[in-house]
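Beneath this line is the structure, given in structure tokens, with notes to follow.
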Amino acid sequence: MAGRFATLVRRLSVGLGVASAVVAGSVVAIGAVNAANEAAQPAKAESKDPIVIGHYGSLTGAEATFGQSTSEGIRLAIRELNAAGGIDGRMVELKEYDTKGDPKEANLAVTRLVKSDKVVAVLGEVASGLSLAAAPVCQKAGVPMISPSSTNVRVTKVGDMIFRVCFIDPFQGFACAKFASENLKATKAAMLYDQKAPYSVDLAKEFKKAFEKMGGKVVAEQTYSGGDGDFTAQLTNIAASKPDVLFVPGYYTDVGNIALQVRKLGITCPMLGGDGWDSEQLGKTAGKAIEGSFYSNHYAPDQPDEQVKQFISKYQGAYGGKTPDGLAALGYDAANILFDAMKRAKSTDGKKLRDAIAATKDFKAVTGMITIDQNRDAKKSAVIVEMKGDPLGPKFKARIEP
Ligand code: PHE
């Protein structure tokens with residue numbers, strides 16, 4: 001009875017805290033499974049309690065589509081899992097908090113997930129700076145964390161509880177440099193990056209290293225701070241350096257504003273960026289100014305790939321015909337990798353779950369084949385997309401292998 005009461009309290013708190021975070025279908029299913037199980041074998045009712053996992057993401061703020069898309073991908077995976085019987089008959093329930101794109105909020109959110117909600121695993125964040133701010137909480141508590149999309153090398157170095165299912169920035173920088181050098185035939189590159197975002201600073205560094213190794217030269221290096229409105233001084237400098245390509249490894253809101261000012265100042269070379277550009281908002285903000293520019297990403301919706309086609313049609317069915325971005329695909333993949341590990345671990349114990357995630361091998365995900373390496377990272381290819389078409393959006397251009 002005590003167990004049942006605790007379950008009820010927990011479920012109520014889930015409902016009250018973040019009502020929208022609970023996948024509607026799964027709540028009904030949980031009740032049904034528990035009732036059936038308790039009638040059959042009352043002593044074991046506790047073992048059929050839902051398994052609670054956490055997600056922290058920027059559901060609001062300057063990078064709101066990052067958290068929202070990731071959340072949609074995760075929920076789709078949960079819905080499918082629960083409809084197929086859950087993990088050994090136990091449903092999976094989601095607890096989710098908004099980081100608002102703020103490192104302090106990210107740390108608070110994960111502390112709450114781990115300490116109050118007692119989740120068995122955490123998914124998130126997208127932005128590397130936010131993952132870096134919260135990963136130590138998971139590490140200390142012994143709760144595995146999987147970032148779907150943080151690419152900065154330092155994220156998984158926090159400790160042996162921290163994983164990711166995406167490639168890392170030394171590779172992303174290489175992929176962008178290779179595309180600039182081989183496809184765009186660029187020999188002179190300018191860079192404009194966000195000095196406050198670890199993702200942006202390190203990706204700029206990696207691009208420069210790779211591009212210069214390929215014989216190119218970085219002819220101008222300028223910085224901004226996320227949220228700035230005026231880039232005239234930096235862009236005036238950049239224009240004077242006459243680059244063949246302008247590398248802007250930032251997040252989409254800033255990149256949209258930057259693109260508008262780039263064209264206003266008469267800089268005509270293509271812009272190039274990393275996965276941080278990935279949002280339907282980019283085309284809406286920048287319009288023509290971003291047409292013909294490129295960025296590297298984890299997947300392209302028009303990629304010729306069966307796994308991708310299937311995912312898109314399921315996602316569109318669930319979310320009113322909306323085309324999933326890379327974050328949605330990675331959120332879906334991260335959740336499925338966690339479920340696969342839970343099934344193999346046959347336990348929700350932190351260490352056992354960690355070992356099972358670490359043993360992930362050749363998992364056929366939407367964003368490619370995923371094997372977790374000894375650094376708890378995933379080695380995968382990248383795609384380069386071009387912003388074009390009507391509606392303006394990312395179109396598959398090239399695939400770069402590691
Ligand atoms: N890689 C980015 C970071 O580490 C986050 C990101 C991933 C953004 C994928 C968009 C798409 O901060």
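Each chain of the structure tokens is named A, B, ... in the order shown, its residues numbered from 1; ligands are numbered from 1 in display order.
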
Using 8 Å as the limit and counting only C-alpha atoms and all ligand atoms, can you tabulate each residue of chain A that touches ligand 1, with its shortest atom-to-atom distance in Å and the two atoms involved, as a Markdown table?
| residue | atom | partner | partner_atom_place_in_ligand_line | distance |
| --- | --- | --- | --- | --- |
| A:Phe66 | CA | ligand 1 | 10 (C) | 6.5 |
| A:Val126 | CA | ligand 1 | 5 (C) | 4.8 |
| A:Ala127 | CA | ligand 1 | 12 (O) | 3.3 |
| A:Ser128 | CA | ligand 1 | 4 (O) | 3.9 |
| A:Gly129 | CA | ligand 1 | 12 (O) | 6.5 |
| A:Pro148 | CA | ligand 1 | 7 (C) | 7.8 |
| A:Ser149 | CA | ligand 1 | 7 (C) | 4.4 |
| A:Ser150 | CA | ligand 1 | 4 (O) | 3.4 |
| A:Thr151 | CA | ligand 1 | 4 (O) | 4.0 |
| A:Asn152 | CA | ligand 1 | 4 (O) | 5.3 |
| A:Ile168 | CA | ligand 1 | 1 (N) | 8.0 |
| A:Asp169 | CA | ligand 1 | 1 (N) | 7.7 |
| A:Ala197 | CA | ligand 1 | 12 (O) | 7.8 |
| A:Pro198 | CA | ligand 1 | 12 (O) | 7.6 |
| A:Tyr199 | CA | ligand 1 | 12 (O) | 4.8 |
| A:Ser200 | CA | ligand 1 | 12 (O) | 7.4 |
| A:Tyr251 | CA | ligand 1 | 8 (C) | 7.0 |
| A:Gly274 | CA | ligand 1 | 1 (N) | 7.5 |
| A:Asp275 | CA | ligand 1 | 11 (C) | 4.3 |
| A:Gly276 | CA | ligand 1 | 8 (C) | 3.7 |
| A:Trp277 | CA | ligand 1 | 10 (C) | 6.1 |
| A:Asp278 | CA | ligand 1 | 10 (C) | 4.9 |
| A:Ser279 | CA | ligand 1 | 10 (C) | 7.3 |
| A:Asn297 | CA | ligand 1 | 11 (C) | 6.7 |
| A:His298 | CA | ligand 1 | 9 (C) | 7.0 |
| A:Gly326 | CA | ligand 1 | 11 (C) | 5.7 |
| A:Leu327 | CA | ligand 1 | 11 (C) | 5.3 |
| A:Leu330 | CA | ligand 1 | 9 (C) | 7.8 |

* To do: Give the helix (DSSP H, G or I) residues of stretch 188-346 of chain A, as assigned by DSSP on the backbone, as a VMD selection string.
  => chain A and resid 198 to 213 232 to 240 252 to 264 275 to 277 280 to 290 306 to 318 326 to 345

Within 8 Å of stretch 252-258 of chain A, which residues of stretch 127-246 of chain A show up? Give each one with its shortest atom-to-atom distance in Å (one decimal) and the two atoms involved, counting only C-alpha atoms, rows by chain then rising residue number, as a Markdown table.
| residue | atom | partner | partner_atom | distance |
| --- | --- | --- | --- | --- |
| A:Gly226 | CA | A:Asp254 | CA | 6.5 |
| A:Gly227 | CA | A:Asp254 | CA | 6.4 |
| A:Asp228 | CA | A:Asp254 | CA | 7.5 |
| A:Gly229 | CA | A:Asn257 | CA | 7.3 |
| A:Phe231 | CA | A:Ile258 | CA | 6.8 |

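Comparing the minimum interatomic distances between A:Leu265 and each of A:Met369, A:Leu282, A:Leu353, A:Leu235, counting only C-alpha atoms, we find that A:Leu235 sits nearest.
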
* Asked: Just how far from atom CA of A:Ala356 is atom CA of A:Thr99, in Å to one decimal?
  -> 27.9 Å

* **Å distance separating atom CA of A:Asp333 from atom CA of A:Lys388, one decimal place** =>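 Separating atom CA of A:Asp333 from atom CA of A:Lys388 is a distance of 26.6 Å.
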
* Within stretch 156-194 of chain A, find each residue whose DSSP state, derived from the backbone, is strand (DSSP E or B), and express the selection as a list in words. =>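 Selection result, strand (DSSP E or B) within stretch 156-194 of chain A: Ile162, Phe163, Arg164, Lys188, Ala189, Ala190, Met191, Leu192, Tyr193 and Asp194 of chain A.
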
Next, dump the selected residues to file, keeping only N, CA and C atoms, as a PDB file, in the first residue's frame.
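Written out: selection_20.pdb:
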ATOM      1  N   ILE A 162      28.731  10.302 -18.271  1.00  0.00           N
ATOM      2  CA  ILE A 162      28.260  11.254 -19.285  1.00  0.00           C
ATOM      3  C   ILE A 162      28.545  10.770 -20.719  1.00  0.00           C
ATOM      4  N   PHE A 163      27.482  10.688 -21.505  1.00  0.00           N
ATOM      5  CA  PHE A 163      27.564  10.178 -22.877  1.00  0.00           C
ATOM      6  C   PHE A 163      26.984  11.182 -23.864  1.00  0.00           C
ATOM      7  N   ARG A 164      27.251  10.918 -25.144  1.00  0.00           N
ATOM      8  CA  ARG A 164      26.551  11.675 -26.195  1.00  0.00           C
ATOM      9  C   ARG A 164      26.321  10.730 -27.376  1.00  0.00           C
ATOM     10  N   LYS A 188      40.752  31.638 -48.509  1.00  0.00           N
ATOM     11  CA  LYS A 188      40.759  32.656 -47.451  1.00  0.00           C
ATOM     12  C   LYS A 188      39.432  32.605 -46.694  1.00  0.00           C
ATOM     13  N   ALA A 189      39.511  32.377 -45.391  1.00  0.00           N
ATOM     14  CA  ALA A 189      38.293  32.322 -44.584  1.00  0.00           C
ATOM     15  C   ALA A 189      38.320  33.386 -43.499  1.00  0.00           C
ATOM     16  N   ALA A 190      37.160  33.985 -43.230  1.00  0.00           N
ATOM     17  CA  ALA A 190      37.015  34.870 -42.068  1.00  0.00           C
ATOM     18  C   ALA A 190      36.151  34.131 -41.052  1.00  0.00           C
ATOM     19  N   MET A 191      36.354  34.434 -39.776  1.00  0.00           N
ATOM     20  CA  MET A 191      35.548  33.781 -38.741  1.00  0.00           C
ATOM     21  C   MET A 191      34.901  34.833 -37.841  1.00  0.00           C
ATOM     22  N   LEU A 192      33.663  34.581 -37.455  1.00  0.00           N
ATOM     23  CA  LEU A 192      32.962  35.439 -36.498  1.00  0.00           C
ATOM     24  C   LEU A 192      32.253  34.495 -35.535  1.00  0.00           C
ATOM     25  N   TYR A 193      32.712  34.476 -34.265  1.00  0.00           N
ATOM     26  CA  TYR A 193      32.139  33.505 -33.329  1.00  0.00           C
ATOM     27  C   TYR A 193      31.750  34.124 -31.998  1.00  0.00           C
ATOM     28  N   ASP A 194      30.924  33.387 -31.250  1.00  0.00           N
ATOM     29  CA  ASP A 194      30.390  33.836 -29.964  1.00  0.00           C
ATOM     30  C   ASP A 194      31.396  33.520 -28.859  1.00  0.00           C
TER      31      ASP A 194
END

* Asked: Quick one: of A:Ile74, A:Leu81, A:Val219, A:Val308, who's nearest to A:Ala186, counting only C-alpha atoms?
  ->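 For A:Ala186, the nearest of the given residues is A:Val219.
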
* **Shell around A:Cys138 at 9 Å using only C-alpha atoms, local window under 4 positions removed, as a VMD selection string** => chain A and resid 110 to 111 114 121 to 122 134 142 to 145 161 to 162

Given the selection you just returned, output its residues as a file containing C-alpha atoms, formatted as a CSV table (one decimal), in the first residue's frame.
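File produced: part.csv:
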chain,number,residue,atom,x,y,z
A,110,VAL,CA,19.2,18.6,-13.4
A,111,THR,CA,19.6,18.9,-9.6
A,114,VAL,CA,18.2,13.8,-9.8
A,121,ALA,CA,18.7,8.7,-16.4
A,122,VAL,CA,18.9,12.2,-17.9
A,134,ALA,CA,24.8,20.3,-15.5
A,142,GLY,CA,25.8,8.4,-10.3
A,143,VAL,CA,22.9,9.0,-12.8
A,144,PRO,CA,23.8,8.4,-16.5
A,145,MET,CA,23.3,11.4,-18.7
A,161,MET,CA,28.4,8.8,-16.4
A,162,ILE,CA,28.3,11.3,-19.3

* Within 12 Å of A:Arg112, counting only C-alpha atoms, which residues qualify if same-chain residues fewer than 2 places away don't, as an MDAnalysis selection string? -> chainID A and resid 17 54:56 95:99 105:110 114:119 122 134 137:138 141

Please, could you write that set of residues out with N, CA and C atoms as a CSV table (one decimal), in the first residue's frame?
chain,number,residue,atom,x,y,z
A,17,GLY,N,3.8,19.4,-11.8
A,17,GLY,CA,5.0,20.1,-12.1
A,17,GLY,C,5.1,20.6,-13.5
A,54,GLY,N,14.5,11.8,-17.2
A,54,GLY,CA,14.4,13.2,-17.2
A,54,GLY,C,14.9,13.8,-18.5
A,55,HIS,N,14.4,15.0,-18.8
A,55,HIS,CA,15.0,15.8,-19.9
A,55,HIS,C,15.1,17.2,-19.5
A,56,TYR,N,16.2,17.8,-19.7
A,56,TYR,CA,16.3,19.3,-19.5
A,56,TYR,C,16.7,19.9,-20.8
A,95,LYS,N,10.0,13.4,-17.1
A,95,LYS,CA,10.0,14.6,-16.3
A,95,LYS,C,10.8,15.6,-17.1
A,96,GLU,N,10.3,16.8,-17.3
A,96,GLU,CA,11.1,17.7,-18.2
A,96,GLU,C,11.1,19.1,-17.6
A,97,TYR,N,12.3,19.7,-17.6
A,97,TYR,CA,12.4,21.1,-17.1
A,97,TYR,C,13.0,22.0,-18.2
A,98,ASP,N,12.6,23.3,-18.2
A,98,ASP,CA,13.1,24.3,-19.1
A,98,ASP,C,14.4,24.9,-18.5
A,99,THR,N,15.4,25.0,-19.4
A,99,THR,CA,16.7,25.6,-18.9
A,99,THR,C,16.7,27.1,-19.4
A,105,GLU,N,20.1,27.8,-14.8
A,105,GLU,CA,18.8,27.0,-14.8
A,105,GLU,C,19.1,25.6,-15.2
A,106,ALA,N,20.0,25.3,-16.0
A,106,ALA,CA,20.3,23.9,-16.4
A,106,ALA,C,20.8,23.1,-15.2
A,107,ASN,N,21.7,23.7,-14.4
A,107,ASN,CA,22.2,23.1,-13.2
A,107,ASN,C,21.0,22.8,-12.3
A,108,LEU,N,20.2,23.8,-12.1
A,108,LEU,CA,19.0,23.6,-11.2
A,108,LEU,C,18.1,22.5,-11.6
A,109,ALA,N,17.8,22.5,-13.0
A,109,ALA,CA,16.9,21.6,-13.5
A,109,ALA,C,17.4,20.1,-13.3
A,110,VAL,N,18.7,19.9,-13.5
A,110,VAL,CA,19.2,18.6,-13.4
A,110,VAL,C,19.3,18.2,-11.9
A,114,VAL,N,17.4,14.8,-10.5
A,114,VAL,CA,18.2,13.8,-9.8
A,114,VAL,C,17.8,13.7,-8.4
A,115,LYS,N,17.6,14.8,-7.7
A,115,LYS,CA,17.4,14.8,-6.2
A,115,LYS,C,15.9,14.6,-5.9
A,116,SER,N,15.0,15.3,-6.5
A,116,SER,CA,13.6,15.3,-6.2
A,116,SER,C,12.8,14.2,-7.0
A,117,ASP,N,13.1,14.2,-8.2
A,117,ASP,CA,12.3,13.3,-9.1
A,117,ASP,C,12.9,11.9,-9.1
A,118,LYS,N,14.1,11.8,-8.7
A,118,LYS,CA,14.8,10.5,-8.7
A,118,LYS,C,14.8,9.8,-10.0
A,119,VAL,N,15.1,10.5,-11.1
A,119,VAL,CA,15.0,9.9,-12.4
A,119,VAL,C,16.2,8.9,-12.5
A,122,VAL,N,19.2,10.8,-17.4
A,122,VAL,CA,18.9,12.2,-17.9
A,122,VAL,C,19.2,12.4,-19.4
A,134,ALA,N,25.6,21.3,-16.2
A,134,ALA,CA,24.8,20.3,-15.5
A,134,ALA,C,25.3,18.9,-15.4
A,137,VAL,N,26.4,17.4,-12.0
A,137,VAL,CA,25.4,16.9,-11.1
A,137,VAL,C,25.1,15.5,-11.3
A,138,CYS,N,25.0,15.1,-12.6
A,138,CYS,CA,24.7,13.6,-12.9
A,138,CYS,C,25.9,12.8,-12.5
A,141,ALA,N,25.9,12.3,-8.8
A,141,ALA,CA,24.8,11.5,-8.2
A,141,ALA,C,24.8,10.0,-8.8

* **Residues near A:Phe167, cut-off 6 Å, only C-alpha atoms, skip fewer than 2 positions along chain, as a PyMOL selection string** => chain A and resi 378-380

* Find the spatial neighbours of A:Lys346, counting only C-alpha atoms, within a cut-off of 9 Å - ignore same-chain residues fewer than 6 positions away - and output them as a ChimeraX atom specification. => /A:87-88,352-353
